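Asks: Dropping the structure in here first, questions after.
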Amino acid sequence: MSVKVRFAPSPTGLLQVGNARIALVNWLFARKRGGAVLLRLDDTDRARSRAEYAAAIEADLTWLGLTWDEFARQSDRMDRYDLAAARLRESGRLYPCYETAEELEQKRKLQAARGRPPVYDRAALRLEEADRERLEAEGRRPHWRFKLEGGEVAWNDLVRGRQTFQAGSVSDPVLIREDGRPLYTLTSVVDDIELGVTHVMRGEDHVANTAAQVQLFQALDGDLPAFAHLPLLTDPQGRKLSKREEDLSLQALRADVGVEAMALNAYLAKLGTSDPIEVRHDLQALLADFDIGRFGRAAPKFDTDELLRLNARLLHETPFEAVSQRLSEMGLDDVDAAFWAAVRGNVERLADVRDWHAICRGEVEPMIGDDDAEFLVTAAGLLPAEPWDEETWGRWTGALKQETGRKGAKLFKPLRKALTGREHGPELRELLPVIGRARAVARLHGRRA
Ligand SMILES: Nc1ncnc2c1ncn2[C@@H]1O[C@H](COP(=O)(O)OP(=O)(O)OP(=O)(O)O)[C@@H](O)[C@H]1O
């Protein structure tokens, strides 16, 4: 059987890292099996769905490298949901209800007072034709519920193991609202059947829905897909992430925090498993040890600091070719392979290259202690002629050591502080050729250059 998965966000906000984890898991699962990925926009909620969020979802997935083979939009498929609803009506599984939200609330309060679970009492099933006519004449419009069959509903969840629900313990779900809008429980099942989805992998906010959906697949003669419900990511305080909080949106992580797509992918692919989180340079490398069975049931905490540490490690290993284009888009056209090799070990995010660029190519105020001024002038005098390479530093400091008798920190620290204006930074062996002779001489003499 060929595998088909879907990622089905609603375009009601920017994707956040929790959504991205679901998209990534679907992608890895499908690609590992040579299967297909469907991107489906769940945009039946016209009031909240926006074209710019739909475009942002596509841009975010593209940034992560999570390609899709098929695309569907629920708002284009409304006639399919109408047809499915008609079939359910014919088979007696979809029935009209006229209670208002207040009336339903009232019922729930009464049930609670009697110590009963808040399950819909199916009063609407007992209405006669004349009752319905009277209610409609009052101007009421029905909403439509799916009649669950009693007994146990079970499925083997790829993450949660065997799941069982007593159908009698949940309310018949509303599939169509009184304004005629079909709801997720219905639209999702109709699409999964008609678009041939074999594995439904989503957040565990959908578990409660699944029992009803299993019966709906059966009522619509669809093949039941496999299910995997992953726990929801939380922030470090344990709060569920949602599209409504935009600080952990993919856009913010990319543009404001400076996270690399592959750092995020590598982090999300391992978060919530007991595997170590390691640098991976492409999605193919993540496929090798991907296994849906390794994801635990506890809600993992998303930790931006941990992600940034991985981001730094990734950049430290990234070859120049992989970043050259982006560096020139940042206006750093004169950064070459030697420059990148010198500074990459000192950046946490790509934008940090700007700081080292300013130090190597811009003006720096040298840091010079009173005891070192003379030593540094001697050092300037011993600088060899260009061209310089990585050997230059060793030859120069060797000669300087002989001349002055200084060694260790007494020798190296003043050079670093004068040449870079900083106490710490990249290996000077690599940095010196990037700074160049003219700047080095001036800085060793204490001049801003
Ligand atoms: N915090 C989270 N952690 C993991 N998965 C999540 C999280 N939030 C949503 N998801 C999953 O992301 C997928 C896309 O969902 P959807 O577009 O409905 O997002 P949402 O963030 O739940 O939306 P909203 O914030 O508007 O309720 C679903 O499979 C959903 O279960």
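Here, A, B, ... name the chains of the structure tokens in the order displayed, residue numbers run from 1 inside each chain, and ligands are numbered from 1 in the same displayed order.
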Counting only C-alpha atoms and all ligand atoms, what are the residues, protein, DNA or RNA alike, that approach ligand 1 to within 6 Å? I want them as a list in words.

Replies: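 Based on only C-alpha atoms and all ligand atoms, ligand 1 is surrounded within 6 Å by Ala8, Pro9, Ser10, Thr12, Gly18, Asn19, Ile22, Arg202, Gly203, Glu204, Asp205, Leu232, Leu233, Thr234, Lys240, Leu241, Ser242, Lys243 and Arg244 of chain A.
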
Asks: Within segment 225-321 of chain A, find each residue whose DSSP state, derived from the backbone, is alpha helix (DSSP H), and express the selection as a PyMOL selection string.

Replies: chain A and resi 250-252+261-270+283-287+304-316+320-321

Asks: Taking only C-alpha atoms into account, which of A:Glu348, A:Asp275, A:Asp131, A:Glu70 comes nearest Leu315 of chain A?

Replies: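 Smallest separation from Leu315 of chain A among the options: A:Glu348.
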
Asks: Atom CA of Ala36 of chain A to atom CA of Met1 of chain A: how many Å, to one decimal?

Replies: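 Separation of atom CA of Ala36 of chain A and atom CA of Met1 of chain A: 11.7 Å.
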
Asks: Calculate how many Å separate atom CA of Pro117 of chain A from atom CA of Glu105 of chain A, rounding to one decimal.

Replies: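 Those two atoms sit 12.9 Å apart.
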
Asks: Pull the strand (DSSP E) assignments for segment 77-314 of chain A out of DSSP run on the backbone, and list those residues as a VMD selection string.

Replies: chain A and resid 94 to 97 143 to 146 152 to 157 161 to 166 174 to 176 199 to 203 226 to 230

Asks: Okay, now the selection with C-alpha atoms, as a compact mmCIF listing (two decimals), in the first residue's frame?

Replies:
# COMPACT_ATOMS: atom_id res chain seq x y z
CA LEU A 94 -27.26 12.85 10.56
CA TYR A 95 -30.15 14.47 12.40
CA PRO A 96 -31.32 18.04 12.83
CA CYS A 97 -31.21 19.67 16.26
CA HIS A 143 -27.57 22.26 13.33
CA TRP A 144 -26.85 18.64 12.46
CA ARG A 145 -25.46 15.92 14.66
CA PHE A 146 -23.90 12.62 13.71
CA GLU A 152 -16.62 0.51 22.06
CA VAL A 153 -14.60 2.39 19.46
CA ALA A 154 -10.95 1.36 19.27
CA TRP A 155 -7.86 2.08 17.23
CA ASN A 156 -4.15 1.37 17.55
CA ASP A 157 -2.49 4.72 17.79
CA GLY A 161 -0.93 2.63 21.69
CA ARG A 162 -4.40 1.07 21.80
CA GLN A 163 -7.11 3.64 22.38
CA THR A 164 -10.66 2.78 23.37
CA PHE A 165 -13.70 4.97 23.81
CA GLN A 166 -17.23 4.11 24.84
CA VAL A 174 -22.21 18.45 15.46
CA LEU A 175 -21.12 18.11 11.82
CA ILE A 176 -23.02 21.04 10.31
CA HIS A 199 -1.93 7.86 7.88
CA VAL A 200 -3.38 10.68 9.94
CA MET A 201 -0.68 12.19 12.14
CA ARG A 202 -1.65 15.20 14.18
CA GLY A 203 -1.59 16.78 17.60
CA ALA A 226 -3.84 4.66 10.73
CA PHE A 227 -3.68 7.33 13.44
CA ALA A 228 -0.82 8.88 15.35
CA HIS A 229 -1.52 11.58 17.93
CA LEU A 230 1.53 13.44 19.16

Asks: Need to verify the contact set: His424 of chain A, 10 Å, only C-alpha atoms, exclusion of same-chain residues closer than 6 positions in sequence. Can you return it as a list in words?

Replies: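 Residues near the query, excluding close chain neighbours: Asn346, Lys413, Arg416 and Lys417 of chain A.
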